[in-house]
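Asker: Coordinates in start-v9.tsv, TSV, C-alpha atoms and all ligand atoms, are listed below.
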```
chain	number	residue	atom	x	y	z
A	1	MET	CA	60.62	34.95	30.10
A	2	SER	CA	57.28	36.06	31.60
A	3	LEU	CA	56.64	39.42	33.29
A	4	ALA	CA	56.02	37.61	36.60
A	5	TYR	CA	59.48	35.99	36.28
A	6	LEU	CA	61.12	39.37	35.68
A	7	LYS	CA	59.23	40.95	38.61
A	8	LYS	CA	60.39	38.11	40.87
A	9	LEU	CA	63.99	38.66	39.80
A	10	SER	CA	63.75	42.28	41.06
A	11	GLN	CA	63.32	41.02	44.65
A	12	THR	CA	66.35	40.49	46.89
A	13	TYR	CA	65.03	37.33	48.55
A	14	ILE	CA	64.91	35.59	45.15
A	15	TRP	CA	68.62	36.25	44.58
A	16	LYS	CA	69.34	34.95	48.08
A	17	ARG	CA	67.43	31.77	47.24
A	18	ILE	CA	69.22	31.40	43.91
A	19	PHE	CA	72.49	31.79	45.78
A	20	TYR	CA	71.69	29.23	48.50
A	21	GLU	CA	69.76	26.73	46.42
A	22	ARG	CA	71.24	26.88	42.90
A	23	LEU	CA	74.81	28.14	43.21
A	24	SER	CA	75.42	25.45	45.83
A	25	GLU	CA	74.65	22.79	43.17
A	26	PRO	CA	77.22	21.30	40.71
A	27	ILE	CA	78.12	23.75	37.93
A	28	HIS	CA	77.48	21.20	35.14
A	29	LEU	CA	73.83	20.85	36.24
A	30	ASN	CA	73.38	24.61	36.15
A	31	ILE	CA	74.88	24.72	32.65
A	32	ILE	CA	72.56	21.94	31.45
A	33	ALA	CA	69.65	23.84	33.08
A	34	LEU	CA	70.52	26.86	30.94
A	35	PHE	CA	70.04	24.78	27.78
A	36	VAL	CA	66.86	23.21	29.16
A	37	SER	CA	65.46	26.69	29.85
A	38	LEU	CA	66.00	27.54	26.15
A	39	PHE	CA	65.16	24.28	24.39
A	40	GLY	CA	63.58	21.89	26.92
A	41	SER	CA	60.03	20.53	27.01
A	42	TYR	CA	57.77	21.70	29.88
A	43	ARG	CA	58.26	18.34	31.62
A	44	THR	CA	62.05	18.71	31.48
A	45	LYS	CA	61.79	22.29	32.75
A	46	ILE	CA	59.86	20.91	35.73
A	47	ASP	CA	62.59	18.30	36.28
A	48	PHE	CA	65.17	21.10	36.35
A	49	ASP	CA	63.12	23.34	38.70
A	50	LEU	CA	62.83	26.05	36.03
A	51	VAL	CA	59.16	26.85	36.67
A	52	ILE	CA	58.15	29.49	39.23
A	53	ARG	CA	56.85	27.68	42.32
A	54	PRO	CA	58.38	24.31	41.43
A	55	GLN	CA	56.29	22.71	44.19
A	56	HIS	CA	53.15	23.45	42.15
A	57	ALA	CA	54.67	22.29	38.88
A	58	TYR	CA	55.99	19.04	40.34
A	59	SER	CA	52.70	18.30	42.14
A	60	LEU	CA	50.41	19.05	39.20
A	61	LEU	CA	52.48	16.95	36.84
A	62	SER	CA	52.53	14.02	39.29
A	63	VAL	CA	48.78	14.35	39.78
A	64	ALA	CA	48.16	14.47	36.01
A	65	ASP	CA	50.31	11.35	35.48
A	66	GLN	CA	48.48	9.53	38.28
A	67	ALA	CA	45.06	10.58	36.94
A	68	LYS	CA	45.93	9.51	33.39
A	69	ALA	CA	47.11	6.08	34.54
A	70	LEU	CA	43.75	5.60	36.29
A	71	GLY	CA	41.70	6.70	33.27
A	72	TYR	CA	40.52	10.15	34.49
A	73	ASP	CA	40.59	13.25	32.28
A	74	ARG	CA	40.05	15.86	35.08
A	75	VAL	CA	41.34	16.39	38.60
A	76	SER	CA	40.54	18.88	41.35
A	77	ILE	CA	43.23	20.91	43.06
A	78	PHE	CA	42.95	23.23	46.07
A	79	GLU	CA	44.75	26.19	47.53
A	80	PHE	CA	43.85	27.00	51.14
A	81	GLY	CA	44.97	30.58	51.80
A	82	VAL	CA	44.83	32.76	48.68
A	83	ALA	CA	45.52	36.33	49.95
A	84	ALA	CA	46.61	38.50	46.99
A	85	GLY	CA	46.33	35.47	44.71
A	86	SER	CA	49.89	34.93	43.41
A	87	GLY	CA	49.70	31.24	44.31
A	88	LEU	CA	46.30	30.74	42.67
A	89	ILE	CA	47.29	32.45	39.43
A	90	ASN	CA	50.53	30.51	39.37
A	91	LEU	CA	48.50	27.28	39.71
A	92	GLN	CA	46.27	28.41	36.83
A	93	GLU	CA	49.23	29.06	34.54
A	94	ILE	CA	50.95	25.78	35.37
A	95	ALA	CA	47.67	23.86	35.02
A	96	LYS	CA	47.17	25.23	31.48
A	97	LYS	CA	50.64	24.09	30.42
A	98	ILE	CA	50.26	20.65	31.99
A	99	THR	CA	46.85	20.21	30.33
A	100	LYS	CA	48.56	20.92	27.00
A	101	SER	CA	51.22	18.28	27.55
A	102	THR	CA	49.13	15.56	29.28
A	103	GLY	CA	45.50	16.17	28.23
A	104	ILE	CA	44.42	16.21	31.92
A	105	HIS	CA	42.21	19.18	32.90
A	106	PHE	CA	42.21	20.88	36.30
A	107	ASP	CA	39.38	22.29	38.41
A	108	ILE	CA	41.03	24.80	40.75
A	109	TYR	CA	39.53	25.97	44.07
A	110	GLY	CA	40.98	28.75	46.21
A	111	PHE	CA	39.71	29.15	49.80
A	112	ASP	CA	40.13	32.35	51.80
A	113	THR	CA	38.27	34.59	54.24
A	114	GLY	CA	38.75	37.38	51.68
A	115	ALA	CA	39.58	39.70	54.58
A	116	GLY	CA	42.92	38.33	55.74
A	117	MET	CA	43.83	36.20	58.72
A	118	PRO	CA	41.14	35.52	61.34
A	119	PRO	CA	42.13	35.98	65.01
A	120	PRO	CA	44.54	33.30	66.31
A	121	GLN	CA	42.99	30.83	68.76
A	122	SER	CA	46.00	29.80	70.88
A	123	TYR	CA	49.80	29.53	70.97
A	124	LYS	CA	49.36	26.68	68.44
A	125	ASP	CA	48.45	29.29	65.78
A	126	HIS	CA	51.86	31.01	66.15
A	127	PRO	CA	50.53	34.43	67.24
A	128	GLU	CA	54.21	35.43	67.62
A	129	ILE	CA	54.39	35.42	63.78
A	130	TYR	CA	50.85	35.97	62.39
A	131	GLN	CA	48.01	38.28	63.41
A	132	ALA	CA	44.38	38.97	62.50
A	133	GLY	CA	44.02	41.01	59.30
A	134	ASP	CA	47.38	39.99	57.78
A	135	PHE	CA	47.32	39.22	54.02
A	136	PRO	CA	44.04	40.83	52.91
A	137	MET	CA	42.73	40.13	49.40
A	138	VAL	CA	41.97	42.74	46.73
A	139	PHE	CA	38.95	40.81	45.48
A	140	GLU	CA	38.13	43.07	42.49
A	141	LYS	CA	41.62	42.82	41.01
A	142	LEU	CA	41.96	39.09	41.67
A	143	SER	CA	38.55	37.97	40.41
A	144	ARG	CA	39.31	39.57	37.00
A	145	LEU	CA	42.25	37.16	36.59
A	146	LEU	CA	40.35	33.97	37.28
A	147	ASP	CA	39.07	31.72	34.50
A	148	ASP	CA	36.12	29.31	34.19
A	149	ASN	CA	38.03	26.46	35.80
A	150	THR	CA	39.06	28.46	38.86
A	151	LYS	CA	36.69	29.22	41.75
A	152	LEU	CA	37.29	31.47	44.73
A	153	VAL	CA	35.51	30.19	47.82
A	154	LEU	CA	35.19	33.08	50.27
A	155	GLY	CA	34.56	32.80	54.03
A	156	PRO	CA	36.04	30.87	56.96
A	157	ILE	CA	37.26	27.46	55.75
A	158	ALA	CA	35.31	25.75	58.56
A	159	GLU	CA	32.09	27.08	57.00
A	160	SER	CA	32.91	26.62	53.30
A	161	MET	CA	34.17	23.09	53.85
A	162	LYS	CA	30.70	21.77	54.74
A	163	ALA	CA	29.41	22.10	51.15
A	164	PHE	CA	32.66	20.66	49.75
A	165	LEU	CA	32.34	17.50	51.83
A	166	GLU	CA	28.94	16.95	50.15
A	167	LYS	CA	30.27	17.69	46.64
A	168	ASP	CA	30.81	14.87	44.15
A	169	PHE	CA	34.44	14.77	42.97
A	170	SER	CA	34.26	11.26	41.53
A	171	LYS	CA	34.74	12.51	37.91
A	172	ALA	CA	37.52	14.94	38.91
A	173	PRO	CA	39.10	13.46	42.03
A	174	ILE	CA	40.95	15.51	44.64
A	175	GLY	CA	44.61	15.36	43.63
A	176	PHE	CA	46.56	18.24	45.15
A	177	VAL	CA	46.12	20.41	48.22
A	178	SER	CA	48.30	23.45	48.95
A	179	ILE	CA	48.01	24.58	52.56
A	180	ASP	CA	49.14	28.15	53.12
A	181	VAL	CA	46.89	29.26	55.99
A	182	ASP	CA	49.69	29.75	58.57
A	183	TYR	CA	47.58	28.67	61.58
A	184	TYR	CA	47.15	25.28	63.24
A	185	SER	CA	43.39	25.90	63.62
A	186	SER	CA	42.87	26.78	59.92
A	187	THR	CA	44.94	23.76	58.81
A	188	VAL	CA	42.70	21.49	60.92
A	189	ASP	CA	39.72	22.92	58.99
A	190	ALA	CA	41.43	22.55	55.59
A	191	LEU	CA	42.50	18.94	56.18
A	192	LYS	CA	38.85	17.93	56.61
A	193	LEU	CA	38.76	17.81	52.79
A	194	LEU	CA	40.89	14.66	53.02
A	195	THR	CA	38.14	12.83	54.91
A	196	HIS	CA	36.10	12.69	51.67
A	197	SER	CA	35.06	9.21	50.52
A	198	ALA	CA	37.85	7.36	48.72
A	199	ASN	CA	36.19	7.42	45.27
A	200	ASN	CA	36.43	11.23	45.34
A	201	MET	CA	40.21	11.17	45.74
A	202	LEU	CA	43.32	9.97	43.92
A	203	PRO	CA	45.03	7.14	45.85
A	204	GLN	CA	47.88	9.53	46.69
A	205	VAL	CA	46.92	13.16	47.21
A	206	MET	CA	49.92	15.48	46.93
A	207	ILE	CA	50.14	18.09	49.69
A	208	TYR	CA	52.26	21.22	49.92
A	209	LEU	CA	52.60	22.66	53.43
A	210	ASP	CA	53.88	26.20	53.22
A	211	ASP	CA	54.42	27.36	56.77
A	212	LEU	CA	57.16	25.17	58.17
A	213	GLU	CA	60.43	26.96	57.86
A	214	TYR	CA	60.67	29.85	60.34
A	215	PRO	CA	62.78	29.14	63.44
A	216	SER	CA	59.72	29.13	65.73
A	217	HIS	CA	57.76	26.63	63.60
A	218	ASN	CA	57.71	23.20	65.23
A	219	SER	CA	55.85	19.88	65.31
A	220	TRP	CA	53.58	20.91	68.22
A	221	CYS	CA	52.15	24.05	66.57
A	222	GLY	CA	50.98	25.30	63.18
A	223	GLU	CA	50.51	23.19	60.05
A	224	GLN	CA	52.75	20.34	61.24
A	225	ALA	CA	50.77	19.81	64.45
A	226	ALA	CA	47.51	19.68	62.47
A	227	VAL	CA	48.98	17.10	60.07
A	228	HIS	CA	50.24	14.87	62.89
A	229	GLU	CA	46.88	14.98	64.65
A	230	PHE	CA	45.03	14.25	61.39
A	231	THR	CA	47.13	11.14	60.82
A	232	GLU	CA	46.51	9.91	64.37
A	233	GLU	CA	42.78	10.41	64.00
A	234	HIS	CA	42.50	8.96	60.46
A	235	PRO	CA	44.57	5.76	60.25
A	236	MET	CA	43.31	5.03	56.69
A	237	ARG	CA	44.45	8.49	55.51
A	238	PRO	CA	48.00	8.92	56.84
A	239	ILE	CA	49.85	12.04	55.74
A	240	GLU	CA	53.61	11.82	55.56
A	241	LYS	CA	56.56	13.35	53.80
A	242	HIS	CA	57.70	11.64	50.58
A	243	PRO	CA	60.93	10.27	52.08
A	244	PHE	CA	62.74	9.67	48.76
A	245	LEU	CA	61.66	12.75	46.84
A	246	ARG	CA	65.04	14.44	47.26
A	247	SER	CA	66.88	11.49	45.72
A	248	TYR	CA	64.58	11.66	42.66
A	249	ARG	CA	65.24	15.37	42.09
A	250	ILE	CA	68.12	16.80	40.04
A	251	PHE	CA	68.59	19.85	42.27
A	252	LYS	CA	68.75	18.46	45.78
A	253	ASN	CA	69.19	21.69	47.73
A	254	ALA	CA	65.79	23.06	46.66
A	255	ARG	CA	63.88	24.07	49.78
A	256	TRP	CA	60.43	23.18	48.39
A	257	ILE	CA	61.26	19.46	48.60
A	258	ASP	CA	60.97	19.65	52.40
A	259	HIS	CA	57.45	21.09	52.09
A	260	MET	CA	56.05	18.12	50.15
A	261	TYR	CA	53.78	15.58	51.81
A	262	GLN	CA	51.30	12.98	50.55
A	263	CYS	CA	47.99	11.72	51.92
A	264	HIS	CA	47.83	7.97	51.30
A	265	VAL	CA	44.22	6.98	50.74
A	266	LEU	CA	44.57	3.44	52.07
A	267	ASP	CA	40.88	2.65	51.62
A	268	HIS	CA	41.01	3.56	47.88
A	269	ALA	CA	39.74	0.79	45.56
A	270	VAL	CA	43.05	0.80	43.67
A	271	ARG	CA	44.88	-0.08	46.88
A	272	ASN	CA	42.48	-2.90	47.72
A	273	GLN	CA	42.44	-5.11	44.58
A	274	LEU	CA	43.34	-8.45	46.08
A	275	THR	CA	42.88	-10.50	42.89
A	276	PRO	CA	45.35	-10.20	39.97
A	277	SER	CA	44.51	-7.31	37.61
A	278	ARG	CA	47.38	-7.65	35.13
A	279	SER	CA	49.81	-10.25	33.77
A	280	ASN	CA	52.64	-11.26	36.12
A	281	ILE	CA	55.90	-9.35	36.31
A	282	VAL	CA	58.94	-11.49	35.44
A	283	LEU	CA	62.37	-10.25	36.52
A	284	SER	CA	65.39	-10.78	34.26
A	285	ASN	CA	68.62	-12.02	35.82
A	286	PRO	CA	71.89	-10.54	34.47
A	287	TYR	CA	73.83	-13.53	35.95
A	288	LEU	CA	72.00	-16.09	33.81
A	301	LIG	C1	50.01	33.68	53.68
A	301	LIG	S1	48.44	34.01	53.07
A	301	LIG	C2	48.34	33.03	51.61
A	301	LIG	C3	49.31	33.42	50.53
A	301	LIG	C4	49.04	32.80	49.16
A	301	LIG	N1	48.91	31.36	49.23
A	301	LIG	C5	50.13	33.15	48.17
A	301	LIG	O1	50.79	32.24	47.67
A	301	LIG	O2	50.33	34.31	47.87
A	301	LIG	C6	47.39	33.18	54.19
A	301	LIG	C7	45.91	33.33	53.89
A	301	LIG	O3	45.18	32.35	54.61
A	301	LIG	C8	43.87	32.86	54.86
A	301	LIG	N2	43.29	32.12	56.00
A	301	LIG	C9	43.88	31.77	57.15
A	301	LIG	N3	43.01	31.13	57.96
A	301	LIG	C10	41.84	31.05	57.29
A	301	LIG	C11	40.56	30.49	57.59
A	301	LIG	N4	40.33	29.87	58.75
A	301	LIG	N5	39.58	30.59	56.66
A	301	LIG	C12	39.82	31.20	55.46
A	301	LIG	N6	41.01	31.76	55.12
A	301	LIG	C13	42.01	31.69	56.02
A	301	LIG	C14	44.09	34.32	55.17
A	301	LIG	O4	42.95	35.09	54.85
A	301	LIG	C15	45.31	34.68	54.30
A	301	LIG	O5	44.91	35.37	53.17
```
Here is a file; write its structure as structure tokens.
Ligand SMILES: C[S@@+](CC[C@H](N)C(=O)[O-])C[C@H]1O[C@@H](n2cnc3c(N)ncnc32)[C@H](O)[C@@H]1O
Answerer:
Amino acid sequence: MSLAYLKKLSQTYIWKRIFYERLSEPIHLNIIALFVSLFGSYRTKIDFDLVIRPQHAYSLLSVADQAKALGYDRVSIFEFGVAAGSGLINLQEIAKKITKSTGIHFDIYGFDTGAGMPPPQSYKDHPEIYQAGDFPMVFEKLSRLLDDNTKLVLGPIAESMKAFLEKDFSKAPIGFVSIDVDYYSSTVDALKLLTHSANNMLPQVMIYLDDLEYPSHNSWCGEQAAVHEFTEEHPMRPIEKHPFLRSYRIFKNARWIDHMYQCHVLDHAVRNQLTPSRSNIVLSNPYL
């Protein structure tokens, strides 16, 4: 068990989550999970939500599987909103383990002002919850923990994004985007990444939206409003929740499932092959 895991277990909110999310699940699954935590492969641990920030683990594994099937050996993943850096370092650790088990490498980019939240621009930014200066970064401490594959991009996202829209990601396509910037206005800026040309993206980009679950969050403000507007403005890049993800998961009460979205890159070459590219599928019939 890692030091980060032990530190997490010293916080009351973690026990509350364990109580609501895990002790409300069938006992036999929790017993199996105990064995998986001791003897399971990393992939099985991800299936049993035994990795810290299961949303990252699930997304990176899905992205690696997608990339491998398409013949890539690298993908690019993004965290918008880094703050003290727990999310970015967690992504780094998970990426290393998934590289070991799949052979797919990750280029990781973390975007942040470096100085905490900018001023809110309207009610849509939820000023009743967040304010300018919240979540500052201790750059010195954080930058020591980053490796060669992880880049911190400092400054307002609206500014930094310009260079990224010019950048060539065709050898390491955009595969996962975590949005943890709290505001509607900052999410609008972050989502611009998903307007990149289709050959710079995987056909399905996994998206984690963090700021959805407080009682005052709603579809007309914050991250959700930005996502709905993006989909209206970009009909070839709709973003929607994975509607069957819960039914594919072993632990169905896990809250992270409701934070998972996908951007469907409808103009991707893979989604536009109109001539046969493989031998035909033949269904068997158990009645014959
Ligand atoms: C809640 S914190 C992120 C927490 C982090 N993801 C974690 O897991 O620990 C939100 C961060 O978003 C950043 N942010 C919000 N709007 C931004 C913008 N327009 N440009 C750059 N950074 C922004 C803030 O500086 C703040 O550090």
Asker: Enumerate as a VMD selection string the residues within 9 Å of ligand LIG 301 (chain A), counting only C-alpha atoms and all ligand atoms.
Answerer: chain A and resid 79 to 90 110 to 120 132 to 137 153 to 160 178 to 190 210 to 211
Asker: In the coordinate frame of the file, compute which residues have an atom within 6 Å of (40.1, 21.9, 42.4) when using all atoms listed in the file, and state them as an NGL selection string.
Answerer: :A and (76-78 or 107-109)
Asker: In terms of the shortest atom-to-atom distance over only C-alpha atoms, which of A:Glu140, A:Glu240, A:Glu128, A:Glu232 is closest to Ser216 (chain A)?
Answerer: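 Nearest to Ser216 (chain A): A:Glu128.
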Asker: Measuring atom to atom with only C-alpha atoms, identify which of A:Ser101, A:Glu25, A:Asn199, A:Lys96 is nearest to Ser41 (chain A).
Answerer: A:Ser101
Asker: Which value, in Å to one decimal, gives the distance between CA of Arg255 (chain A) and CA of Glu21 (chain A)?
Answerer: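 Going from CA of Arg255 (chain A) over to CA of Glu21 (chain A), I get 7.3 Å.
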Asker: Select, from A:Ser197, A:Gly40, A:Asn149, A:Ser59, the residue with the minimum atom-to-atom distance to Gln262 (chain A), counting all atoms listed in the file.
Answerer: A:Ser59
Asker: Rounded to one decimal, what separation in Å do you get between CA of Arg17 (chain A) and CA of Lys97 (chain A)?
Answerer: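 According to the coordinates, CA of Arg17 (chain A) and CA of Lys97 (chain A) are separated by 25.0 Å.
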Asker: Considering all atoms listed in the file, can you say which of A:Pro215, A:Pro173, A:Pro238, A:Gly222 comes closest to Gln121 (chain A)?
Answerer: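 When distances to Gln121 (chain A) are compared using all atoms listed in the file, the smallest one comes from A:Gly222.
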Asker: What would region 86-97 of chain A look like with N, CA, C and O atoms restored, written as a short mmCIF file (atom, residue, chain, number, x, y, z; two decimals), keeping the file's coordinate frame?
Answerer:
```cif
data_model
loop_
_atom_site.label_atom_id
_atom_site.label_comp_id
_atom_site.auth_asym_id
_atom_site.auth_seq_id
_atom_site.Cartn_x
_atom_site.Cartn_y
_atom_site.Cartn_z
N SER A 86 48.76 35.34 44.27
CA SER A 86 49.89 34.93 43.41
C SER A 86 49.92 33.41 43.26
O SER A 86 50.19 32.90 42.16
N GLY A 87 49.65 32.70 44.36
CA GLY A 87 49.70 31.24 44.31
C GLY A 87 48.62 30.68 43.39
O GLY A 87 48.88 29.77 42.60
N LEU A 88 47.43 31.26 43.46
CA LEU A 88 46.30 30.74 42.67
C LEU A 88 46.54 30.98 41.17
O LEU A 88 46.29 30.10 40.34
N ILE A 89 47.05 32.15 40.85
CA ILE A 89 47.29 32.45 39.43
C ILE A 89 48.45 31.61 38.89
O ILE A 89 48.42 31.13 37.76
N ASN A 90 49.43 31.39 39.77
CA ASN A 90 50.53 30.51 39.37
C ASN A 90 50.00 29.10 39.09
O ASN A 90 50.37 28.46 38.09
N LEU A 91 49.09 28.61 39.94
CA LEU A 91 48.50 27.28 39.71
C LEU A 91 47.76 27.24 38.39
O LEU A 91 47.87 26.27 37.62
N GLN A 92 47.01 28.33 38.11
CA GLN A 92 46.27 28.41 36.83
C GLN A 92 47.20 28.29 35.64
O GLN A 92 46.93 27.55 34.69
N GLU A 93 48.31 29.04 35.70
CA GLU A 93 49.23 29.06 34.54
C GLU A 93 49.87 27.70 34.35
O GLU A 93 49.98 27.19 33.23
N ILE A 94 50.30 27.09 35.47
CA ILE A 94 50.95 25.78 35.37
C ILE A 94 49.93 24.74 34.87
O ILE A 94 50.24 23.91 34.02
N ALA A 95 48.70 24.82 35.40
CA ALA A 95 47.67 23.86 35.02
C ALA A 95 47.45 23.90 33.50
O ALA A 95 47.35 22.85 32.85
N LYS A 96 47.40 25.12 32.94
CA LYS A 96 47.17 25.23 31.48
C LYS A 96 48.26 24.50 30.72
O LYS A 96 48.00 23.77 29.76
N LYS A 97 49.51 24.70 31.15
CA LYS A 97 50.64 24.09 30.42
C LYS A 97 50.61 22.57 30.58
O LYS A 97 50.90 21.83 29.64
#
```
